[in-house]
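> This one is model15.csv, CSV, N, CA and C atoms and all ligand atoms.
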```
chain,number,residue,atom,x,y,z
A,1,MET,N,131.2,115.8,320.5
A,1,MET,CA,130.3,116.9,320.3
A,1,MET,C,129.9,117.5,321.6
A,2,ARG,N,129.6,118.8,321.6
A,2,ARG,CA,129.2,119.5,322.9
A,2,ARG,C,128.1,120.5,322.5
A,3,ILE,N,126.9,120.3,323.2
A,3,ILE,CA,125.8,121.2,323.0
A,3,ILE,C,125.6,122.1,324.2
A,4,THR,N,125.5,123.4,324.0
A,4,THR,CA,125.4,124.3,325.1
A,4,THR,C,124.2,125.3,325.0
A,5,ALA,N,123.3,125.0,324.0
A,5,ALA,CA,122.1,125.8,323.9
A,5,ALA,C,120.9,124.9,323.6
A,6,PRO,N,119.8,125.3,324.1
A,6,PRO,CA,118.6,124.4,323.8
A,6,PRO,C,118.2,124.4,322.4
A,7,PRO,N,117.6,123.3,322.0
A,7,PRO,CA,117.1,123.2,320.6
A,7,PRO,C,116.0,124.2,320.3
A,8,ALA,N,115.9,124.6,319.0
A,8,ALA,CA,114.8,125.5,318.6
A,8,ALA,C,113.6,124.7,318.1
A,9,MET,N,113.8,123.4,317.8
A,9,MET,CA,112.7,122.6,317.3
A,9,MET,C,113.2,121.1,317.3
A,10,ALA,N,112.2,120.2,317.6
A,10,ALA,CA,112.5,118.8,317.4
A,10,ALA,C,111.5,118.3,316.3
A,11,MET,N,112.1,117.6,315.4
A,11,MET,CA,111.3,117.2,314.2
A,11,MET,C,111.6,115.7,313.9
A,12,ALA,N,110.6,115.1,313.2
A,12,ALA,CA,110.8,113.9,312.5
A,12,ALA,C,110.5,114.1,311.0
A,13,CYS,N,111.3,113.5,310.2
A,13,CYS,CA,111.1,113.6,308.7
A,13,CYS,C,110.9,112.2,308.1
A,14,HIS,N,109.8,112.1,307.4
A,14,HIS,CA,109.4,110.8,306.8
A,14,HIS,C,109.9,110.7,305.3
A,15,CYS,N,110.6,111.6,304.8
A,15,CYS,CA,110.9,111.6,303.3
A,15,CYS,C,111.8,110.3,303.0
A,16,LYS,N,111.7,109.9,301.7
A,16,LYS,CA,112.4,108.8,301.3
A,16,LYS,C,113.9,108.9,301.5
A,17,GLY,N,114.4,110.1,301.4
A,17,GLY,CA,115.9,110.4,301.6
A,17,GLY,C,116.2,110.0,303.0
A,18,CYS,N,115.4,110.5,304.0
A,18,CYS,CA,115.7,110.2,305.4
A,18,CYS,C,115.6,108.7,305.7
A,19,GLN,N,114.6,108.0,305.0
A,19,GLN,CA,114.4,106.6,305.2
A,19,GLN,C,115.7,105.9,304.8
A,20,LYS,N,116.3,106.3,303.7
A,20,LYS,CA,117.5,105.7,303.2
A,20,LYS,C,118.7,106.0,304.1
A,21,LEU,N,118.8,107.3,304.5
A,21,LEU,CA,119.9,107.7,305.4
A,21,LEU,C,119.9,107.0,306.7
A,22,THR,N,118.8,106.7,307.3
A,22,THR,CA,118.7,106.1,308.6
A,22,THR,C,118.5,104.6,308.6
A,23,SER,N,118.1,104.1,307.4
A,23,SER,CA,117.6,102.7,307.3
A,23,SER,C,116.5,102.5,308.3
A,24,GLY,N,115.7,103.5,308.6
A,24,GLY,CA,114.6,103.4,309.5
A,24,GLY,C,113.4,104.1,308.8
A,25,ALA,N,112.3,104.2,309.6
A,25,ALA,CA,111.1,104.8,309.0
A,25,ALA,C,111.1,106.3,308.9
A,26,TYR,N,111.9,107.0,309.7
A,26,TYR,CA,112.1,108.4,309.6
A,26,TYR,C,113.3,108.9,310.3
A,27,SER,N,113.7,110.1,310.1
A,27,SER,CA,114.9,110.7,310.8
A,27,SER,C,114.4,111.5,311.9
A,28,LEU,N,115.2,111.7,313.0
A,28,LEU,CA,114.9,112.6,314.1
A,28,LEU,C,115.9,113.8,314.0
A,29,THR,N,115.5,115.0,314.3
A,29,THR,CA,116.3,116.2,314.2
A,29,THR,C,116.1,117.1,315.4
A,30,LEU,N,117.1,117.6,316.0
A,30,LEU,CA,117.0,118.7,316.9
A,30,LEU,C,117.7,119.9,316.1
A,31,MET,N,116.9,120.9,315.9
A,31,MET,CA,117.4,122.2,315.3
A,31,MET,C,118.2,122.9,316.4
A,32,LEU,N,119.5,123.0,316.2
A,32,LEU,CA,120.4,123.6,317.3
A,32,LEU,C,121.0,124.9,316.7
A,33,PRO,N,121.1,125.9,317.6
A,33,PRO,CA,121.8,127.1,317.3
A,33,PRO,C,123.3,126.8,317.0
A,34,ILE,N,123.8,127.2,315.9
A,34,ILE,CA,125.2,126.9,315.6
A,34,ILE,C,126.1,127.4,316.7
A,35,ALA,N,125.8,128.5,317.3
A,35,ALA,CA,126.6,129.1,318.3
A,35,ALA,C,126.7,128.2,319.6
A,36,GLY,N,125.7,127.3,319.7
A,36,GLY,CA,125.7,126.4,320.9
A,36,GLY,C,126.1,125.0,320.6
A,37,PHE,N,127.0,124.8,319.6
A,37,PHE,CA,127.3,123.5,319.1
A,37,PHE,C,128.8,123.5,318.8
A,38,GLU,N,129.5,122.5,319.3
A,38,GLU,CA,131.0,122.3,319.0
A,38,GLU,C,131.2,120.9,318.6
A,39,VAL,N,132.1,120.7,317.7
A,39,VAL,CA,132.6,119.4,317.3
A,39,VAL,C,134.1,119.3,317.5
A,40,GLU,N,134.6,118.3,318.1
A,40,GLU,CA,136.0,118.1,318.3
A,40,GLU,C,136.4,117.1,317.2
A,41,GLY,N,137.5,117.5,316.4
A,41,GLY,CA,138.0,116.7,315.3
A,41,GLY,C,137.2,116.9,314.1
A,42,GLU,N,137.5,116.1,313.1
A,42,GLU,CA,136.9,116.2,311.8
A,42,GLU,C,135.7,115.4,311.6
A,43,THR,N,134.8,115.8,310.7
A,43,THR,CA,133.7,114.9,310.3
A,43,THR,C,133.9,114.6,308.8
A,44,GLN,N,133.2,113.6,308.4
A,44,GLN,CA,133.3,113.2,307.0
A,44,GLN,C,131.9,113.4,306.4
A,45,LEU,N,131.9,114.0,305.2
A,45,LEU,CA,130.7,114.3,304.5
A,45,LEU,C,130.3,113.0,303.7
A,46,GLY,N,128.9,112.8,303.7
A,46,GLY,CA,128.4,111.7,303.0
A,46,GLY,C,127.0,112.0,302.5
A,47,ALA,N,126.5,111.0,301.8
A,47,ALA,CA,125.1,111.1,301.2
A,47,ALA,C,125.0,112.4,300.4
A,48,LEU,N,125.9,112.5,299.4
A,48,LEU,CA,126.1,113.8,298.7
A,48,LEU,C,125.2,113.9,297.5
A,49,HIS,N,124.1,113.1,297.4
A,49,HIS,CA,123.3,113.2,296.3
A,49,HIS,C,122.4,114.5,296.3
A,50,ARG,N,122.3,115.1,297.4
A,50,ARG,CA,121.6,116.4,297.5
A,50,ARG,C,122.6,117.5,297.8
A,51,ALA,N,122.9,118.3,296.8
A,51,ALA,CA,124.1,119.2,296.9
A,51,ALA,C,123.7,120.3,297.9
A,52,GLU,N,122.5,120.6,298.2
A,52,GLU,CA,122.2,121.8,299.1
A,52,GLU,C,122.3,121.4,300.5
A,53,SER,N,122.4,120.1,300.9
A,53,SER,CA,122.7,119.7,302.3
A,53,SER,C,124.0,119.0,302.5
A,54,GLN,N,124.7,119.3,303.6
A,54,GLN,CA,125.9,118.6,303.9
A,54,GLN,C,125.7,117.7,305.1
A,55,HIS,N,125.7,116.4,304.9
A,55,HIS,CA,125.5,115.4,305.9
A,55,HIS,C,126.8,115.0,306.5
A,56,HIS,N,127.0,115.3,307.8
A,56,HIS,CA,128.3,115.1,308.5
A,56,HIS,C,128.2,113.8,309.3
A,57,TYR,N,129.3,113.0,309.0
A,57,TYR,CA,129.4,111.6,309.7
A,57,TYR,C,130.6,111.6,310.6
A,58,CYS,N,130.5,110.7,311.6
A,58,CYS,CA,131.7,110.4,312.4
A,58,CYS,C,132.7,109.6,311.6
A,59,THR,N,134.0,110.1,311.6
A,59,THR,CA,135.0,109.4,310.8
A,59,THR,C,135.3,108.0,311.4
A,60,ARG,N,135.0,107.8,312.7
A,60,ARG,CA,135.4,106.5,313.3
A,60,ARG,C,134.3,105.5,313.1
A,61,CYS,N,133.0,105.8,313.4
A,61,CYS,CA,131.9,104.8,313.4
A,61,CYS,C,131.0,105.0,312.2
A,62,LEU,N,131.2,106.2,311.4
A,62,LEU,CA,130.4,106.5,310.2
A,62,LEU,C,129.0,106.6,310.5
A,63,SER,N,128.6,107.0,311.7
A,63,SER,CA,127.2,107.4,312.0
A,63,SER,C,126.9,108.8,311.6
A,64,TRP,N,125.6,109.0,311.3
A,64,TRP,CA,125.1,110.3,310.8
A,64,TRP,C,125.0,111.2,312.1
A,65,LEU,N,125.8,112.3,312.1
A,65,LEU,CA,125.8,113.2,313.3
A,65,LEU,C,124.9,114.4,313.2
A,66,TYR,N,125.1,115.1,312.1
A,66,TYR,CA,124.3,116.3,311.9
A,66,TYR,C,124.4,116.8,310.4
A,67,THR,N,123.5,117.7,310.1
A,67,THR,CA,123.4,118.2,308.7
A,67,THR,C,123.4,119.7,308.7
A,68,THR,N,124.2,120.2,307.8
A,68,THR,CA,124.2,121.7,307.6
A,68,THR,C,123.7,122.0,306.1
A,69,SER,N,123.3,123.2,305.9
A,69,SER,CA,122.9,123.7,304.6
A,69,SER,C,123.0,125.2,304.6
A,70,PRO,N,123.3,125.8,303.4
A,70,PRO,CA,123.4,127.2,303.4
A,70,PRO,C,122.1,127.9,303.9
A,71,GLY,N,120.9,127.4,303.6
A,71,GLY,CA,119.7,128.0,304.1
A,71,GLY,C,119.6,128.0,305.6
A,72,LEU,N,119.9,126.8,306.2
A,72,LEU,CA,119.9,126.7,307.7
A,72,LEU,C,120.9,127.6,308.3
A,73,GLU,N,122.2,127.6,307.7
A,73,GLU,CA,123.2,128.4,308.3
A,73,GLU,C,122.9,129.9,308.3
A,74,GLN,N,122.2,130.3,307.3
A,74,GLN,CA,121.7,131.7,307.2
A,74,GLN,C,120.8,132.0,308.4
A,75,MET,N,120.0,131.1,308.9
A,75,MET,CA,119.1,131.3,310.0
A,75,MET,C,119.9,131.0,311.3
A,76,GLY,N,121.1,130.5,311.2
A,76,GLY,CA,121.9,130.3,312.4
A,76,GLY,C,121.8,128.9,313.1
A,77,PHE,N,121.3,127.9,312.3
A,77,PHE,CA,121.0,126.6,312.8
A,77,PHE,C,121.7,125.5,312.1
A,78,LEU,N,121.8,124.3,312.7
A,78,LEU,CA,122.1,123.1,312.1
A,78,LEU,C,121.2,122.0,312.6
A,79,ASN,N,121.1,120.9,311.8
A,79,ASN,CA,120.1,119.9,312.2
A,79,ASN,C,120.9,118.7,312.8
A,80,PHE,N,120.8,118.6,314.1
A,80,PHE,CA,121.6,117.5,314.9
A,80,PHE,C,120.7,116.3,315.0
A,81,ARG,N,121.4,115.1,315.0
A,81,ARG,CA,120.7,113.8,315.1
A,81,ARG,C,120.6,113.4,316.6
A,82,PRO,N,119.5,113.5,317.3
A,82,PRO,CA,119.4,113.3,318.7
A,82,PRO,C,119.7,111.8,319.1
A,83,THR,N,119.7,110.9,318.1
A,83,THR,CA,120.1,109.5,318.4
A,83,THR,C,121.6,109.4,318.8
A,84,MET,N,122.3,110.5,318.6
A,84,MET,CA,123.7,110.5,319.0
A,84,MET,C,123.9,110.9,320.5
A,85,LEU,N,122.8,111.3,321.1
A,85,LEU,CA,122.9,111.7,322.6
A,85,LEU,C,123.0,110.5,323.4
A,86,GLU,N,123.7,110.6,324.6
A,86,GLU,CA,123.7,109.4,325.5
A,86,GLU,C,122.3,109.1,325.9
A,87,ASP,N,121.5,110.1,326.1
A,87,ASP,CA,120.1,109.9,326.5
A,87,ASP,C,119.2,110.8,325.6
A,88,ALA,N,118.6,110.1,324.6
A,88,ALA,CA,117.7,110.8,323.7
A,88,ALA,C,116.2,110.5,324.0
A,89,SER,N,116.0,110.0,325.2
A,89,SER,CA,114.6,109.6,325.6
A,89,SER,C,113.7,110.8,325.7
A,90,TRP,N,114.2,112.0,325.8
A,90,TRP,CA,113.4,113.2,326.0
A,90,TRP,C,113.1,113.9,324.6
A,91,ALA,N,113.8,113.4,323.6
A,91,ALA,CA,113.7,114.1,322.3
A,91,ALA,C,112.5,113.7,321.5
A,92,VAL,N,111.3,114.1,322.0
A,92,VAL,CA,110.1,113.8,321.3
A,92,VAL,C,109.9,114.8,320.1
A,93,PRO,N,109.6,114.3,318.9
A,93,PRO,CA,109.4,115.3,317.8
A,93,PRO,C,108.1,116.2,318.1
A,94,PHE,N,108.3,117.4,317.8
A,94,PHE,CA,107.1,118.4,318.0
A,94,PHE,C,106.4,118.5,316.7
A,95,ILE,N,107.1,118.4,315.6
A,95,ILE,CA,106.5,118.4,314.2
A,95,ILE,C,107.1,117.3,313.4
A,96,GLU,N,106.3,116.8,312.5
A,96,GLU,CA,106.8,115.8,311.5
A,96,GLU,C,106.5,116.3,310.1
A,97,SER,N,107.4,116.0,309.2
A,97,SER,CA,107.3,116.5,307.9
A,97,SER,C,107.3,115.4,306.9
A,98,GLN,N,106.9,115.7,305.6
A,98,GLN,CA,106.9,114.8,304.5
A,98,GLN,C,106.1,113.5,304.8
A,99,THR,N,104.9,113.7,305.5
A,99,THR,CA,104.1,112.5,305.8
A,99,THR,C,103.5,111.9,304.5
A,100,ALA,N,103.5,112.6,303.4
A,100,ALA,CA,103.1,112.0,302.1
A,100,ALA,C,103.9,110.8,301.8
A,101,GLU,N,105.2,110.7,302.3
A,101,GLU,CA,106.1,109.6,302.0
A,101,GLU,C,106.2,108.6,303.2
A,102,LYS,N,105.4,108.8,304.2
A,102,LYS,CA,105.4,108.0,305.4
A,102,LYS,C,105.2,106.6,305.1
A,103,LEU,N,106.1,105.7,305.8
A,103,LEU,CA,105.9,104.3,305.7
A,103,LEU,C,104.7,103.8,306.5
A,104,PRO,N,104.0,102.8,306.1
A,104,PRO,CA,102.9,102.3,306.9
A,104,PRO,C,103.4,101.9,308.3
A,105,GLY,N,102.6,102.3,309.3
A,105,GLY,CA,103.0,101.9,310.7
A,105,GLY,C,103.9,102.9,311.4
A,106,ALA,N,104.5,103.8,310.7
A,106,ALA,CA,105.4,104.8,311.3
A,106,ALA,C,104.6,105.8,312.1
A,107,ALA,N,104.9,105.9,313.4
A,107,ALA,CA,104.2,106.9,314.2
A,107,ALA,C,105.3,107.6,315.1
A,108,THR,N,105.2,108.9,315.2
A,108,THR,CA,106.3,109.7,315.8
A,108,THR,C,105.9,110.3,317.1
A,109,GLY,N,104.5,110.5,317.4
A,109,GLY,CA,104.1,111.2,318.5
A,109,GLY,C,104.1,112.7,318.3
A,110,ALA,N,104.5,113.2,317.1
A,110,ALA,CA,104.6,114.7,316.9
A,110,ALA,C,103.2,115.3,317.0
A,111,ARG,N,103.2,116.6,317.6
A,111,ARG,CA,102.0,117.3,317.7
A,111,ARG,C,101.4,117.8,316.4
A,112,TYR,N,102.3,118.2,315.5
A,112,TYR,CA,101.9,118.7,314.2
A,112,TYR,C,102.5,117.9,313.0
A,113,SER,N,101.6,117.6,312.1
A,113,SER,CA,102.0,116.9,310.9
A,113,SER,C,101.9,117.7,309.6
A,114,PHE,N,102.9,117.5,308.7
A,114,PHE,CA,102.8,118.3,307.5
A,114,PHE,C,103.1,117.3,306.3
A,115,LYS,N,102.2,117.3,305.3
A,115,LYS,CA,102.4,116.4,304.1
A,115,LYS,C,103.7,116.6,303.5
A,116,ALA,N,104.2,117.9,303.4
A,116,ALA,CA,105.5,118.2,302.9
A,116,ALA,C,106.3,118.9,304.0
A,117,TRP,N,106.7,120.2,303.8
A,117,TRP,CA,107.4,120.9,304.8
A,117,TRP,C,106.4,121.9,305.5
A,118,PRO,N,106.6,122.3,306.7
A,118,PRO,CA,105.8,123.3,307.3
A,118,PRO,C,105.9,124.6,306.4
A,119,PRO,N,104.8,125.3,306.2
A,119,PRO,CA,105.0,126.6,305.4
A,119,PRO,C,105.9,127.6,306.2
A,120,PRO,N,106.8,128.2,305.5
A,120,PRO,CA,107.7,129.2,306.2
A,120,PRO,C,106.9,130.2,307.0
A,121,SER,N,105.7,130.5,306.6
A,121,SER,CA,104.9,131.5,307.4
A,121,SER,C,104.6,131.0,308.8
A,122,GLU,N,104.7,129.7,309.0
A,122,GLU,CA,104.3,129.1,310.3
A,122,GLU,C,105.6,128.8,311.2
A,123,TYR,N,106.8,129.0,310.7
A,123,TYR,CA,108.0,128.7,311.4
A,123,TYR,C,108.0,129.4,312.8
A,124,GLY,N,107.7,130.8,312.7
A,124,GLY,CA,107.8,131.6,313.9
A,124,GLY,C,106.9,131.1,315.0
A,125,ARG,N,105.6,130.8,314.7
A,125,ARG,CA,104.7,130.3,315.6
A,125,ARG,C,105.1,129.0,316.2
A,126,LEU,N,105.5,128.1,315.3
A,126,LEU,CA,105.9,126.7,315.8
A,126,LEU,C,107.1,126.8,316.7
A,127,MET,N,108.1,127.6,316.4
A,127,MET,CA,109.3,127.7,317.2
A,127,MET,C,108.9,128.3,318.6
A,128,GLN,N,108.1,129.3,318.6
A,128,GLN,CA,107.6,129.9,319.8
A,128,GLN,C,106.9,128.9,320.7
A,129,GLU,N,106.0,128.1,320.1
A,129,GLU,CA,105.3,127.1,320.8
A,129,GLU,C,106.2,126.0,321.4
A,130,TYR,N,107.2,125.6,320.5
A,130,TYR,CA,108.2,124.6,321.0
A,130,TYR,C,109.0,125.2,322.1
A,131,ALA,N,109.4,126.4,322.1
A,131,ALA,CA,110.2,127.0,323.1
A,131,ALA,C,109.4,127.0,324.4
A,132,ALA,N,108.1,127.2,324.4
A,132,ALA,CA,107.3,127.2,325.6
A,132,ALA,C,106.9,125.8,326.1
A,133,GLU,N,106.7,124.9,325.2
A,133,GLU,CA,106.1,123.6,325.6
A,133,GLU,C,106.8,122.4,325.1
A,134,GLY,N,107.9,122.6,324.3
A,134,GLY,CA,108.6,121.5,323.7
A,134,GLY,C,109.4,120.7,324.7
A,135,ALA,N,109.8,119.5,324.2
A,135,ALA,CA,110.6,118.6,325.1
A,135,ALA,C,112.0,119.2,325.4
A,136,ARG,N,112.4,119.0,326.6
A,136,ARG,CA,113.7,119.4,327.1
A,136,ARG,C,114.5,118.3,327.8
A,137,PRO,N,115.8,118.3,327.8
A,137,PRO,CA,116.5,117.2,328.5
A,137,PRO,C,116.1,117.1,329.9
A,138,ARG,N,116.0,115.9,330.4
A,138,ARG,CA,115.5,115.7,331.8
A,138,ARG,C,116.7,116.0,332.8
A,201,ZN,ZN,113.8,113.9,305.2
```
What's the structure tokens form of this structure?

Amino acid sequence: MRITAPPAMAMACHCKGCQKLTSGAYSLTLMLPIAGFEVEGETQLGALHRAESQHHYCTRCLSWLYTTSPGLEQMGFLNFRPTMLEDASWAVPFIESQTAEKLPGAATGARYSFKAWPPPSEYGRLMQEYAAEGARPR
């Protein structure tokens, strides 16, 4: 995989689906512009219980690489898993979602928390703030 554009947002999601997908307390996401993302070779789709999202896995190690959905694609983004980076130490979540399903003890360091999803009316402001102040590769 090759990333040539900065992320538009860094998120953590506490939903039960992400807990199952990661076998962890939450998932990490970098929202990347599709135009700045390349994959060499094929991916394998998995975790198909939610038809609106396509979860792409590495065919060799079966790790979760990124997620696409028609809604995200319409906005020009995909959700990349920063744990796939050689160095993910800079990928601090800026927002966290689905905290209503958060496991006890799970802490992400995110600046903003949402019980469900951030309201769409706030996307613009949050993305502007992340662009100005959010984490960047070192
Ligand atoms: Zn989730």
> List every residue of range 51-113 of chain A that DSSP, applied to the backbone, labels as alpha helix (DSSP H), and write the result as a ChimeraX atom specification.
/A:70-75
> Identify, counting only N, CA and C atoms and all ligand atoms, the protein, DNA and RNA residues located within 8 Å of ligand ZN 201 (chain A), and give them as a list in words.
Ala12, Cys13, His14, Cys15, Lys16, Gly17, Cys18, Gln19, Tyr26, Ser27, Ser97 and Gln98 of chain A
> Run DSSP on the backbone and grab whatever in chain A lands in strand (DSSP E or B); send it over as a PyMOL selection string.
chain A and resi 2-3+9-13+27-33+37-38+43-46+54-58+64-68+77-80+95-97+112-113
> What is the distance, in Å and to one decimal place, between CA of Tyr66 in chain A and atom N of Phe80 in chain A?
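About the pair CA of Tyr66 in chain A and atom N of Phe80 in chain A: they are 4.7 Å apart.
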> By how many Å are CA of Met75 in chain A and atom N of Cys61 in chain A apart?
29.2 Å
> Give as a count of residues only the set of residues within 7 Å of the point (120.4, 123.6, 305.8), where distances use the file's coordinates and all atoms listed in the file.
13
> Could I get range 28-49 of chain A rebuilt with N, CA, C and O atoms, written as an mmCIF file, in the frame of the given file?

```cif
data_model
loop_
_atom_site.group_PDB
_atom_site.id
_atom_site.type_symbol
_atom_site.label_atom_id
_atom_site.label_comp_id
_atom_site.auth_asym_id
_atom_site.auth_seq_id
_atom_site.Cartn_x
_atom_site.Cartn_y
_atom_site.Cartn_z
ATOM 1 N N LEU A 28 115.200 111.700 313.000
ATOM 2 C CA LEU A 28 114.900 112.600 314.100
ATOM 3 C C LEU A 28 115.900 113.800 314.000
ATOM 4 O O LEU A 28 117.119 113.555 313.687
ATOM 5 N N THR A 29 115.500 115.000 314.300
ATOM 6 C CA THR A 29 116.300 116.200 314.200
ATOM 7 C C THR A 29 116.100 117.100 315.400
ATOM 8 O O THR A 29 114.900 117.253 315.796
ATOM 9 N N LEU A 30 117.100 117.600 316.000
ATOM 10 C CA LEU A 30 117.000 118.700 316.900
ATOM 11 C C LEU A 30 117.700 119.900 316.100
ATOM 12 O O LEU A 30 118.836 119.827 315.734
ATOM 13 N N MET A 31 116.900 120.900 315.900
ATOM 14 C CA MET A 31 117.400 122.200 315.300
ATOM 15 C C MET A 31 118.200 122.900 316.400
ATOM 16 O O MET A 31 117.587 123.405 317.312
ATOM 17 N N LEU A 32 119.500 123.000 316.200
ATOM 18 C CA LEU A 32 120.400 123.600 317.300
ATOM 19 C C LEU A 32 121.000 124.900 316.700
ATOM 20 O O LEU A 32 121.363 124.979 315.580
ATOM 21 N N PRO A 33 121.100 125.900 317.600
ATOM 22 C CA PRO A 33 121.800 127.100 317.300
ATOM 23 C C PRO A 33 123.300 126.800 317.000
ATOM 24 O O PRO A 33 123.868 126.087 317.853
ATOM 25 N N ILE A 34 123.800 127.200 315.900
ATOM 26 C CA ILE A 34 125.200 126.900 315.600
ATOM 27 C C ILE A 34 126.100 127.400 316.700
ATOM 28 O O ILE A 34 127.121 126.735 317.027
ATOM 29 N N ALA A 35 125.800 128.500 317.300
ATOM 30 C CA ALA A 35 126.600 129.100 318.300
ATOM 31 C C ALA A 35 126.700 128.200 319.600
ATOM 32 O O ALA A 35 127.580 128.362 320.387
ATOM 33 N N GLY A 36 125.700 127.300 319.700
ATOM 34 C CA GLY A 36 125.700 126.400 320.900
ATOM 35 C C GLY A 36 126.100 125.000 320.600
ATOM 36 O O GLY A 36 125.699 124.073 321.248
ATOM 37 N N PHE A 37 127.000 124.800 319.600
ATOM 38 C CA PHE A 37 127.300 123.500 319.100
ATOM 39 C C PHE A 37 128.800 123.500 318.800
ATOM 40 O O PHE A 37 129.321 124.308 318.037
ATOM 41 N N GLU A 38 129.500 122.500 319.300
ATOM 42 C CA GLU A 38 131.000 122.300 319.000
ATOM 43 C C GLU A 38 131.200 120.900 318.600
ATOM 44 O O GLU A 38 130.648 119.960 319.190
ATOM 45 N N VAL A 39 132.100 120.700 317.700
ATOM 46 C CA VAL A 39 132.600 119.400 317.300
ATOM 47 C C VAL A 39 134.100 119.300 317.500
ATOM 48 O O VAL A 39 134.811 120.232 317.038
ATOM 49 N N GLU A 40 134.600 118.300 318.100
ATOM 50 C CA GLU A 40 136.000 118.100 318.300
ATOM 51 C C GLU A 40 136.400 117.100 317.200
ATOM 52 O O GLU A 40 135.844 116.088 316.970
ATOM 53 N N GLY A 41 137.500 117.500 316.400
ATOM 54 C CA GLY A 41 138.000 116.700 315.300
ATOM 55 C C GLY A 41 137.200 116.900 314.100
ATOM 56 O O GLY A 41 136.326 117.788 313.973
ATOM 57 N N GLU A 42 137.500 116.100 313.100
ATOM 58 C CA GLU A 42 136.900 116.200 311.800
ATOM 59 C C GLU A 42 135.700 115.400 311.600
ATOM 60 O O GLU A 42 135.485 114.399 312.322
ATOM 61 N N THR A 43 134.800 115.800 310.700
ATOM 62 C CA THR A 43 133.700 114.900 310.300
ATOM 63 C C THR A 43 133.900 114.600 308.800
ATOM 64 O O THR A 43 134.713 115.199 308.137
ATOM 65 N N GLN A 44 133.200 113.600 308.400
ATOM 66 C CA GLN A 44 133.300 113.200 307.000
ATOM 67 C C GLN A 44 131.900 113.400 306.400
ATOM 68 O O GLN A 44 130.884 113.139 306.929
ATOM 69 N N LEU A 45 131.900 114.000 305.200
ATOM 70 C CA LEU A 45 130.700 114.300 304.500
ATOM 71 C C LEU A 45 130.300 113.000 303.700
ATOM 72 O O LEU A 45 131.073 112.302 303.213
ATOM 73 N N GLY A 46 128.900 112.800 303.700
ATOM 74 C CA GLY A 46 128.400 111.700 303.000
ATOM 75 C C GLY A 46 127.000 112.000 302.500
ATOM 76 O O GLY A 46 126.530 113.071 302.621
ATOM 77 N N ALA A 47 126.500 111.000 301.800
ATOM 78 C CA ALA A 47 125.100 111.100 301.200
ATOM 79 C C ALA A 47 125.000 112.400 300.400
ATOM 80 O O ALA A 47 124.217 113.244 300.628
ATOM 81 N N LEU A 48 125.900 112.500 299.400
ATOM 82 C CA LEU A 48 126.100 113.800 298.700
ATOM 83 C C LEU A 48 125.200 113.900 297.500
ATOM 84 O O LEU A 48 125.369 114.839 296.700
ATOM 85 N N HIS A 49 124.100 113.100 297.400
ATOM 86 C CA HIS A 49 123.300 113.200 296.300
ATOM 87 C C HIS A 49 122.400 114.500 296.300
ATOM 88 O O HIS A 49 121.953 114.913 295.231
#
```
